[in-house]
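The next block holds one structure in the form of structure tokens; read it before the comments.
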Amino acid sequence: MREKGFRAVGGLAQRLTSGLTEKRSAGRRGARGTSIARLRVEWSAIVGADLARVTQPDALLTGRGPGKVLRLKVEGAAALEVQHRGAQIVERLNAYFGHRLIDDIRLVQAPLAHKPPPRVLPEPDAPTMQRIESRAAEVKDPELRAALVRLGARIAAGRRAVVLGLFGALLLPEPPRAQEDIDKLLGVLPSDHVLGKADAPNIIIDYFSLTCPHCANFHAAVLPQVKREWIDTGRARFVYRHFPSDSIATRASLMAECGGAKFFETIDLLFKSQVEWLTAEQPEEELVKVMERAGLPARDCVSDGRLFDKVVGDVQSGQALGVKFTPTLFINEQKYGNPEGGVLGIDAILRQVGR
């Protein structure tokens, strides 16, 4: 999840509700296996490029405290500096995942397995670049506009995987918006997926990530009761908007969009099977299998520019509204984050600000 400003994708196999319950020991084994893989993939984002050049996560070991001990490979010349920065590494890693994953680090001097340099991408042709630049022309912030043009160029060059890999961390700063634009974002947009009657007076908007266990818990334990009390009775509309926290969540969002008219059924499927695909050795492939078993399209979703634009649009709307973590709920134009008390908390809010 993303909570309190930190990006968190840990706690994947923790105990959830309604069919998502796993034995605690099995959950821990699954989390340990996937966490070290994720650390290796996202190490540079966690500790910064300088430390990532001279260190590599090697294993998560059982420690004396509630967290683990991270064994790090380090190049000999840098060992002393890395040891001095050990507390900083622990702090960064726990902040990144949003919970106490490790208590300490242990260094082993060993050669690092350096990845081959990325291949040079071909530049899109001139007409393609003109279309990309025209789409970004209305963005007034020059840095944001340039970043969006680069993003579009990467997609056009066929490197969507690179974009997906950066998506969770690349929450681009939104340019200031007029209050009129903000007000529109707090209502139901034409591109939104909406549960409930069109004339329902109350609006609940949920920014979610499909790799967020708290979002899965909300979907399994809270939303059904809100639906029964407020949505099915015609008193509220409910809107899901994407706010993926990592590359896997971005792929899952694209697959959910592939569900089309079955969007909510697809979301339900992906949340209920979250532990299954997210703790798999290859989560992206397991996602495809889950979708295909349900008779839903999957493999072509990540290359569909229209679906990608929808997910990007949701993220940008969330940034404009100040979303920092998932789930974040807006109820009748007010931001409530993840309300305490679950359904009782939401019910109390609606009775106070409801229409």
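By order in the structure tokens, chains are A, B, ...; within a chain, residues start at 1; ligands start at 1, following the order shown.
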Report as number ranges by chain all protein, DNA and RNA residues lying within 9 Å of Leu321 (chain A), evaluated on only C-alpha atoms, omitting residues in the same chain fewer than 6 positions from it. A: 182, 185-186, 335
Could you tell me, as number ranges by chain, which residues of region 183-316 of chain A DSSP assigns to strand (DSSP E) when given the backbone? A: 193-195, 202-208, 236-242
Please identify all polymer residues within 10 Å of region 63-67 of chain A, counting only C-alpha atoms, omitting same-chain residues fewer than 5 positions from it, and present them as JSON, numbers by chain. {"A": [94, 99, 100, 101, 102, 103, 104, 105]}
Quick one: residues within 12 Å of Ala77 (chain A), only C-alpha atoms, excluding same-chain residues fewer than 6 positions away - as a ChimeraX atom specification? /A:54-55,83,109-111
As number ranges by chain, please: every residue in region 143-344 of chain A that a backbone DSSP assignment puts in helix (DSSP H, G or I). A: 143-156, 160-167, 179-185, 213-231, 247-258, 260-272, 274-278, 283-293, 301-303, 305-320, 343-344
Need the shell around Thr328 (chain A): protein/DNA/RNA residues with any atom at most 12 Å away, counting only C-alpha atoms. Skip same-chain ones fewer than 4 positions apart. Format as a ChimeraX atom specification? /A:1-5,204-209,212,214-215,218,239-243,318-319,321-324,334-340
Could you tell me how far CA of Leu112 (chain A) sits from CA of Thr279 (chain A), in Å to one decimal place? 25.9 Å
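Of the listed residues (A:Val74, A:Leu329, A:Val90, A:Leu350), A:Val90 comes nearest to Val47 (chain A); the distances count only C-alpha atoms.
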